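Colleague: Hey, dropping start00.cif in here, mmCIF, C-alpha atoms:
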```
data_protein
loop_
_atom_site.group_PDB
_atom_site.id
_atom_site.type_symbol
_atom_site.label_atom_id
_atom_site.label_comp_id
_atom_site.auth_asym_id
_atom_site.auth_seq_id
_atom_site.Cartn_x
_atom_site.Cartn_y
_atom_site.Cartn_z
ATOM 1 C CA MET A 158 -11.847 -147.815 -98.648
ATOM 2 C CA SER A 159 -8.950 -145.478 -97.951
ATOM 3 C CA GLN A 160 -7.072 -143.835 -100.744
ATOM 4 C CA PRO A 161 -3.487 -144.978 -101.373
ATOM 5 C CA LEU A 162 -1.002 -142.968 -99.373
ATOM 6 C CA SER A 163 2.412 -141.957 -100.570
ATOM 7 C CA ALA A 164 5.303 -140.439 -98.704
ATOM 8 C CA ALA A 165 8.873 -139.475 -99.388
ATOM 9 C CA PRO A 166 11.337 -142.343 -98.988
ATOM 10 C CA PRO A 167 13.592 -142.159 -95.952
ATOM 11 C CA ALA A 168 16.723 -140.095 -96.484
ATOM 12 C CA THR A 169 18.978 -142.364 -94.443
ATOM 13 C CA PHE A 170 18.969 -145.966 -93.292
ATOM 14 C CA ALA A 171 19.918 -147.546 -90.005
ATOM 15 C CA PRO A 172 23.155 -149.542 -90.100
ATOM 16 C CA SER A 173 22.899 -152.843 -91.950
ATOM 17 C CA VAL A 174 22.702 -156.075 -89.973
ATOM 18 C CA THR A 175 23.421 -159.683 -90.934
ATOM 19 C CA THR A 176 21.062 -162.642 -90.939
ATOM 20 C CA ASP A 177 22.384 -163.515 -87.455
ATOM 21 C CA VAL A 178 19.627 -161.237 -86.098
ATOM 22 C CA LEU A 179 16.936 -163.616 -87.366
ATOM 23 C CA ARG A 180 15.488 -165.876 -84.688
ATOM 24 C CA THR A 181 13.348 -168.060 -86.962
ATOM 25 C CA ASP A 182 14.400 -170.708 -89.450
ATOM 26 C CA SER A 183 11.498 -169.938 -91.770
ATOM 27 C CA LEU A 184 12.718 -166.362 -92.361
ATOM 28 C CA ARG A 185 16.308 -167.549 -92.849
ATOM 29 C CA THR A 186 15.035 -170.104 -95.373
ATOM 30 C CA LEU A 187 12.949 -167.462 -97.164
ATOM 31 C CA LEU A 188 16.002 -165.226 -97.560
ATOM 32 C CA SER A 189 18.149 -168.145 -98.712
ATOM 33 C CA TYR A 190 15.495 -168.992 -101.306
ATOM 34 C CA TRP A 191 15.446 -165.377 -102.540
ATOM 35 C CA ARG A 192 19.261 -165.305 -102.707
ATOM 36 C CA ASP A 193 19.286 -168.553 -104.719
ATOM 37 C CA LYS A 194 16.771 -167.072 -107.165
ATOM 38 C CA THR A 195 18.983 -163.977 -107.511
ATOM 39 C CA ARG A 196 21.987 -166.194 -108.274
ATOM 40 C CA GLU A 197 19.970 -168.157 -110.853
ATOM 41 C CA ARG A 198 19.311 -164.841 -112.607
ATOM 42 C CA ASN A 199 23.037 -163.955 -112.600
ATOM 43 C CA GLY A 200 22.645 -161.254 -109.980
ATOM 44 C CA MET A 201 19.494 -159.682 -111.414
ATOM 45 C CA LEU A 202 16.564 -159.378 -109.045
ATOM 46 C CA PRO A 203 14.168 -162.328 -109.234
ATOM 47 C CA ALA A 204 10.621 -161.846 -110.497
ATOM 48 C CA ARG A 205 7.347 -163.119 -109.090
ATOM 49 C CA ARG A 206 7.289 -165.677 -111.916
ATOM 50 C CA ASP A 207 10.572 -167.155 -110.574
ATOM 51 C CA LEU A 208 8.938 -168.134 -107.278
ATOM 52 C CA ARG A 209 7.653 -171.702 -107.055
ATOM 53 C CA PRO A 210 5.201 -172.387 -104.203
ATOM 54 C CA ASP A 211 6.144 -176.100 -104.287
ATOM 55 C CA ASP A 212 9.710 -175.078 -103.377
ATOM 56 C CA MET A 213 8.456 -172.828 -100.575
ATOM 57 C CA VAL A 214 6.372 -175.307 -98.576
ATOM 58 C CA GLY A 215 8.530 -174.987 -95.428
ATOM 59 C CA PHE A 216 7.898 -171.250 -95.139
ATOM 60 C CA LEU A 217 4.944 -170.534 -97.455
ATOM 61 C CA ALA A 218 2.492 -169.829 -94.615
ATOM 62 C CA CYS A 219 4.621 -166.872 -93.456
ATOM 63 C CA VAL A 220 4.968 -165.343 -96.952
ATOM 64 C CA SER A 221 3.429 -162.167 -98.278
ATOM 65 C CA LEU A 222 3.687 -160.450 -101.644
ATOM 66 C CA ILE A 223 3.407 -156.673 -101.750
ATOM 67 C CA ASN A 224 2.888 -154.685 -104.944
ATOM 68 C CA VAL A 225 5.129 -151.625 -105.264
ATOM 69 C CA TYR A 226 3.801 -148.681 -107.248
ATOM 70 C CA SER A 227 5.856 -145.667 -108.317
ATOM 71 C CA ASN A 228 4.992 -142.036 -108.966
ATOM 72 C CA PRO A 229 3.789 -141.725 -106.259
ATOM 73 C CA ARG A 230 5.295 -144.602 -104.341
ATOM 74 C CA ARG A 231 2.735 -146.772 -102.601
ATOM 75 C CA PHE A 232 2.384 -150.355 -101.399
ATOM 76 C CA GLN A 233 -0.483 -152.831 -101.556
ATOM 77 C CA PHE A 234 -0.661 -156.332 -100.087
ATOM 78 C CA ARG A 235 -1.190 -158.704 -102.997
ATOM 79 C CA LEU A 236 -1.090 -161.942 -101.013
ATOM 80 C CA VAL A 237 -0.844 -162.689 -97.297
ATOM 81 C CA GLY A 238 -0.015 -166.230 -96.167
ATOM 82 C CA THR A 239 -2.299 -168.204 -93.894
ATOM 83 C CA GLY A 240 0.255 -168.211 -91.075
ATOM 84 C CA ILE A 241 0.435 -164.418 -91.124
ATOM 85 C CA VAL A 242 -3.352 -164.146 -91.132
ATOM 86 C CA GLN A 243 -3.515 -166.446 -88.092
ATOM 87 C CA GLN A 244 -0.714 -164.601 -86.272
ATOM 88 C CA MET A 245 -2.184 -161.174 -86.998
ATOM 89 C CA GLY A 246 -5.809 -162.179 -86.491
ATOM 90 C CA ARG A 247 -6.885 -160.447 -89.694
ATOM 91 C CA GLU A 248 -6.669 -160.632 -93.471
ATOM 92 C CA SER A 249 -4.731 -157.881 -95.268
ATOM 93 C CA THR A 250 -4.781 -159.152 -98.857
ATOM 94 C CA SER A 251 -5.630 -156.293 -101.262
ATOM 95 C CA GLN A 252 -5.222 -153.625 -98.549
ATOM 96 C CA TRP A 253 -3.026 -150.581 -98.995
ATOM 97 C CA VAL A 254 -0.381 -149.924 -96.338
ATOM 98 C CA ASN A 255 -2.469 -147.101 -94.901
ATOM 99 C CA GLU A 256 -5.486 -149.361 -94.232
ATOM 100 C CA GLY A 257 -6.435 -151.662 -91.381
ATOM 101 C CA LEU A 258 -3.831 -152.456 -88.730
ATOM 102 C CA PHE A 259 -1.183 -150.422 -90.532
ATOM 103 C CA ALA A 260 -3.131 -147.143 -90.699
ATOM 104 C CA ASP A 261 -1.768 -145.743 -87.422
ATOM 105 C CA ARG A 262 1.801 -146.696 -88.351
ATOM 106 C CA THR A 263 1.750 -145.897 -92.064
ATOM 107 C CA SER A 264 4.891 -143.772 -91.919
ATOM 108 C CA SER A 265 7.028 -146.416 -90.196
ATOM 109 C CA VAL A 266 5.663 -149.238 -92.398
ATOM 110 C CA PHE A 267 6.270 -147.106 -95.490
ATOM 111 C CA GLY A 268 9.849 -146.466 -94.356
ATOM 112 C CA PHE A 269 10.504 -150.179 -93.786
ATOM 113 C CA PHE A 270 8.938 -151.177 -97.124
ATOM 114 C CA SER A 271 11.013 -148.506 -98.905
ATOM 115 C CA ILE A 272 14.349 -150.010 -97.818
ATOM 116 C CA PRO A 273 14.343 -152.908 -100.331
ATOM 117 C CA VAL A 274 13.045 -150.581 -103.064
ATOM 118 C CA ASP A 275 15.806 -148.041 -102.463
ATOM 119 C CA THR A 276 18.666 -150.459 -101.751
ATOM 120 C CA ARG A 277 17.564 -153.331 -104.046
ATOM 121 C CA GLY A 278 18.412 -155.630 -101.141
ATOM 122 C CA PRO A 279 16.530 -157.243 -98.256
ATOM 123 C CA ALA A 280 15.404 -155.508 -95.074
ATOM 124 C CA PHE A 281 14.724 -156.702 -91.528
ATOM 125 C CA ALA A 282 12.441 -155.406 -88.791
ATOM 126 C CA ALA A 283 11.560 -156.652 -85.333
ATOM 127 C CA GLY A 284 9.030 -155.321 -82.916
ATOM 128 C CA HIS A 285 6.017 -156.042 -80.806
ATOM 129 C CA TYR A 286 2.271 -155.827 -80.882
ATOM 130 C CA ILE A 287 -0.154 -155.284 -78.039
ATOM 131 C CA VAL A 288 -3.315 -157.366 -78.042
ATOM 132 C CA GLN A 289 -6.776 -156.791 -76.575
ATOM 133 C CA PRO A 290 -8.398 -157.638 -74.252
ATOM 134 C CA SER A 291 -5.398 -159.108 -72.385
ATOM 135 C CA ASN A 292 -2.900 -156.270 -73.092
ATOM 136 C CA ARG A 293 -0.255 -158.950 -73.720
ATOM 137 C CA VAL A 294 2.862 -157.797 -75.567
ATOM 138 C CA LEU A 295 3.891 -160.225 -78.311
ATOM 139 C CA GLN A 296 7.091 -160.184 -80.361
ATOM 140 C CA PHE A 297 7.433 -160.467 -84.153
ATOM 141 C CA GLU A 298 10.131 -160.288 -86.811
ATOM 142 C CA THR A 299 9.767 -159.671 -90.513
ATOM 143 C CA VAL A 300 11.871 -159.532 -93.661
ATOM 144 C CA LEU A 301 11.325 -158.050 -97.105
ATOM 145 C CA ALA A 302 13.231 -158.817 -100.318
ATOM 146 C CA PRO A 303 12.847 -157.016 -103.648
ATOM 147 C CA LEU A 304 11.363 -158.609 -106.758
ATOM 148 C CA SER A 305 11.458 -157.193 -110.261
ATOM 149 C CA SER A 306 9.575 -158.143 -113.404
ATOM 150 C CA ASP A 307 12.429 -156.730 -115.532
ATOM 151 C CA GLY A 308 15.346 -157.712 -113.256
ATOM 152 C CA HIS A 309 16.130 -154.112 -112.307
ATOM 153 C CA GLY A 310 13.250 -151.915 -111.070
ATOM 154 C CA VAL A 311 11.564 -153.126 -107.887
ATOM 155 C CA ASP A 312 7.843 -153.645 -108.489
ATOM 156 C CA MET A 313 7.060 -156.227 -105.805
ATOM 157 C CA LEU A 314 8.314 -157.307 -102.395
ATOM 158 C CA LEU A 315 8.599 -160.843 -101.085
ATOM 159 C CA GLY A 316 7.903 -160.652 -97.379
ATOM 160 C CA GLY A 317 7.924 -162.981 -94.446
ATOM 161 C CA LEU A 318 6.556 -162.462 -90.956
ATOM 162 C CA VAL A 319 6.751 -164.658 -87.871
ATOM 163 C CA GLY A 320 5.298 -163.652 -84.545
ATOM 164 C CA GLU A 321 3.934 -165.004 -81.323
ATOM 165 C CA PRO A 322 0.408 -166.314 -81.874
ATOM 166 C CA LEU A 323 -2.744 -164.647 -80.641
ATOM 167 C CA GLN A 324 -5.029 -166.473 -78.252
ATOM 168 C CA HIS A 325 -8.682 -167.057 -79.076
ATOM 169 C CA GLY A 326 -10.609 -163.798 -78.988
ATOM 170 C CA GLU A 327 -7.559 -161.516 -79.008
ATOM 171 C CA ILE A 328 -7.034 -158.781 -81.566
ATOM 172 C CA ILE A 329 -4.019 -156.600 -82.210
ATOM 173 C CA ARG A 330 -4.556 -153.113 -80.838
ATOM 174 C CA GLN A 331 -1.254 -151.621 -82.016
ATOM 175 C CA PHE A 332 2.209 -152.583 -83.180
ATOM 176 C CA ASP A 333 5.584 -150.920 -83.197
ATOM 177 C CA TYR A 334 8.878 -151.608 -84.891
ATOM 178 C CA GLU A 335 11.781 -151.624 -82.446
ATOM 179 C CA ARG A 336 14.468 -152.279 -85.064
ATOM 180 C CA VAL A 337 14.476 -151.621 -88.817
ATOM 181 C CA HIS A 338 17.596 -152.319 -90.881
ATOM 182 C CA PRO A 339 18.847 -153.126 -94.351
ATOM 183 C CA LEU A 340 19.934 -156.761 -94.251
ATOM 184 C CA LEU A 341 23.317 -158.067 -95.383
ATOM 185 C CA LEU A 342 23.304 -161.633 -96.628
ATOM 186 C CA ASP A 343 26.147 -163.999 -95.794
#
```
Represent the structure contained in this file as structure tokens.
Modeller:
Amino acid sequence: MSQPLSAAPPATFAPSVTTDVLRTDSLRTLLSYWRDKTRERNGMLPARRDLRPDDMVGFLACVSLINVYSNPRRFQFRLVGTGIVQQMGRESTSQWVNEGLFADRTSSVFGFFSIPVDTRGPAFAAGHYIVQPSNRVLQFETVLAPLSSDGHGVDMLLGGLVGEPLQHGEIIRQFDYERVHPLLLD
């Protein structure tokens, strides 16, 4: 197993975008759910314990939870929804960001995951992955929103990912982010 990797957070962020960039209802619903939980806590960040799977049925399959560790900063997938596993063709639960599919793109994944930690707000990314043996190029979009056990410091991320499905026998060879932005909520 690889050792956890840390890196310096990005010094600057791309311009913020609004939820209009989202193409999928499930990611819009996920962000709306997170925003409602933030409102219920009077503007403090929601905690993992505030999330209710029964309330998330419409988008639960595309959900991930990512542990955030500080000093040094690192990220570990705590839970990866069944829809993500099917879309990615692999299980990432318990993996560090620098393992598996993400190993070749650790720096860009780390930068994207750092946005909600540094801004205490959601982030958006869109990109593509190339699959073998067909060399098809498939699109995906993903969001991350910060969670906090104490309402302030970010110690977990609520993520969502929706992408074009793999065909039987295909595996993802590589992926790239084309857009990464902090996300402004309406």
Colleague: Please report the interatomic distance between CA of Gly308 in chain A and CA of Gly278 in chain A in Å with one decimal.
Modeller: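 Going from CA of Gly308 in chain A over to CA of Gly278 in chain A, I get 12.7 Å.
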Colleague: With the PyMOL selection byres ((chain A and resi 174) around 6) as the selection, what would be picked from this file? Answer as a PyMOL selection string, please.
Modeller: chain A and resi 173+175+340-341
Colleague: Generate a file of the selected residues that holds C-alpha atoms, formatted as a compact mmCIF listing (two decimals), in the coordinates of the input.
Modeller:
```
# COMPACT_ATOMS: atom_id res chain seq x y z
CA SER A 173 22.90 -152.84 -91.95
CA THR A 175 23.42 -159.68 -90.93
CA LEU A 340 19.93 -156.76 -94.25
CA LEU A 341 23.32 -158.07 -95.38
```
Colleague: Closest to Gly284 in chain A among A:Trp191, A:Trp253, A:Phe297, A:Phe267, using all atoms listed in the file?
Modeller: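 Looking at the shortest contact to Gly284 in chain A, the residue is A:Phe297.
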Colleague: Any chance you could work out the residue set of the PyMOL selection byres ((chain A and resi 283) around 7) here, as a list of chain:residue names?
Modeller: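 Given this file, the PyMOL selection byres ((chain A and resi 283) around 7) evaluates to A:Phe281, A:Ala282, A:Gly284, A:Phe297, A:Glu298, A:Thr299, A:Tyr334, A:Glu335, A:Arg336, A:Val337.
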Colleague: Please provide the set of residues having any atom within 10 Å of Arg206 in chain A, restricted to all atoms listed in the file, with same-chain residues fewer than 3 positions apart removed, written as a ChimeraX atom specification.
Modeller: /A:203,209,304-306
Colleague: Enclose all atoms of range 200-218 of chain A listed in the file in an axis-aligned box, grow every side by 6 Å, and hand back centre and edge lengths in Å to one decimal, as JSON.
Modeller:
```
{"center_x": 12.6, "center_y": -167.7, "center_z": -103.3, "size_x": 32.2, "size_y": 28.7, "size_z": 29.3}
```
Colleague: Using Å and a single decimal, report how far CA of Pro172 in chain A sits from CA of Gly238 in chain A.
Modeller: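 Value for the CA of Gly238 in chain A-CA of Pro172 in chain A distance: 29.2 Å.
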Colleague: Using only C-alpha atoms, which residue out of A:Phe332, A:Phe216, A:Tyr226, A:Phe269 lies closest to Val294 in chain A?
Modeller: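 For Val294 in chain A, the nearest of the given residues is A:Phe332.
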Colleague: Taking 4 positions as the minimum chain separation for residues in the same chain, which residues sit within 10 Å of Ile328 in chain A when counting all atoms listed in the file? Answer as a JSON list (two decimals) with C-alpha atoms, in the frame of the given file.
Modeller:
```json
[["chain", "number", "residue", "atom", "x", "y", "z"],
["A", 244, "GLN", "CA", -0.71, -164.60, -86.27],
["A", 245, "MET", "CA", -2.18, -161.17, -87.00],
["A", 246, "GLY", "CA", -5.81, -162.18, -86.49],
["A", 247, "ARG", "CA", -6.88, -160.45, -89.69],
["A", 286, "TYR", "CA", 2.27, -155.83, -80.88],
["A", 287, "ILE", "CA", -0.15, -155.28, -78.04],
["A", 288, "VAL", "CA", -3.32, -157.37, -78.04],
["A", 289, "GLN", "CA", -6.78, -156.79, -76.58],
["A", 290, "PRO", "CA", -8.40, -157.64, -74.25],
["A", 291, "SER", "CA", -5.40, -159.11, -72.39],
["A", 292, "ASN", "CA", -2.90, -156.27, -73.09],
["A", 323, "LEU", "CA", -2.74, -164.65, -80.64],
["A", 324, "GLN", "CA", -5.03, -166.47, -78.25]]
```
Colleague: Quick one: pull the distance between CA of Gly317 in chain A and CA of Thr276 in chain A, Å, one decimal.
Modeller: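 For CA of Gly317 in chain A relative to CA of Thr276 in chain A, the distance reads 18.0 Å.
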Colleague: Can you list what the PyMOL selection byres ((chain A and resi 231) around 10) grabs from this structure, as a ChimeraX atom specification?
Modeller: /A:161-164,223-230,232-233,253-255,267,270-271
Colleague: Now that the selection is made, can you save its residues with C-alpha atoms as a tab-separated table (two decimals), in the coordinates of the input?
Modeller:
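Here's the written file result06.tsv:
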```tsv
chain	number	residue	atom	x	y	z
A	161	PRO	CA	-3.49	-144.98	-101.37
A	162	LEU	CA	-1.00	-142.97	-99.37
A	163	SER	CA	2.41	-141.96	-100.57
A	164	ALA	CA	5.30	-140.44	-98.70
A	223	ILE	CA	3.41	-156.67	-101.75
A	224	ASN	CA	2.89	-154.68	-104.94
A	225	VAL	CA	5.13	-151.62	-105.26
A	226	TYR	CA	3.80	-148.68	-107.25
A	227	SER	CA	5.86	-145.67	-108.32
A	228	ASN	CA	4.99	-142.04	-108.97
A	229	PRO	CA	3.79	-141.72	-106.26
A	230	ARG	CA	5.30	-144.60	-104.34
A	232	PHE	CA	2.38	-150.35	-101.40
A	233	GLN	CA	-0.48	-152.83	-101.56
A	253	TRP	CA	-3.03	-150.58	-99.00
A	254	VAL	CA	-0.38	-149.92	-96.34
A	255	ASN	CA	-2.47	-147.10	-94.90
A	267	PHE	CA	6.27	-147.11	-95.49
A	270	PHE	CA	8.94	-151.18	-97.12
A	271	SER	CA	11.01	-148.51	-98.90
```
Colleague: Would you kindly return, as a VMD selection string, each protein, DNA or RNA residue with an atom no farther than 9 Å from any atom of Thr239 in chain A, considering only C-alpha atoms and excluding same-chain residues fewer than 4 positions away?
Modeller: chain A and resid 217 to 220 243 to 244 248
Colleague: Mind dumping the selected residues with C-alpha atoms as a PDB file, keeping the file's coordinate frame?
Modeller:
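Output contents, as saved in selection-v2.pdb:
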```pdb
ATOM      1  CA  LEU A 217       4.944-170.534 -97.455  1.00  0.00           C
ATOM      2  CA  ALA A 218       2.492-169.829 -94.615  1.00  0.00           C
ATOM      3  CA  CYS A 219       4.621-166.872 -93.456  1.00  0.00           C
ATOM      4  CA  VAL A 220       4.968-165.343 -96.952  1.00  0.00           C
ATOM      5  CA  GLN A 243      -3.515-166.446 -88.092  1.00  0.00           C
ATOM      6  CA  GLN A 244      -0.714-164.601 -86.272  1.00  0.00           C
ATOM      7  CA  GLU A 248      -6.669-160.632 -93.471  1.00  0.00           C
TER       8      GLU A 248
END
```
Colleague: Using only C-alpha atoms, can you tell me which of A:Leu222, A:His285, A:Arg293, A:Thr176 comes closest to Phe234 in chain A?
Modeller: A:Leu222
Colleague: Which one of A:Val242, A:Asp261, A:Arg235, A:Met213 sits closest to Leu184 in chain A if you count all atoms listed in the file?
Modeller: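 Answer, going by the shortest atom-to-atom distance: A:Met213.
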Colleague: Calculated over all atoms listed in the file, which of the candidates A:Gln296, A:Thr263, A:Thr186, A:Ser221 has the smallest distance to Ile241 in chain A?
Modeller: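 Between A:Gln296, A:Thr263, A:Thr186, A:Ser221, the residue approaching Ile241 in chain A most closely is A:Ser221.
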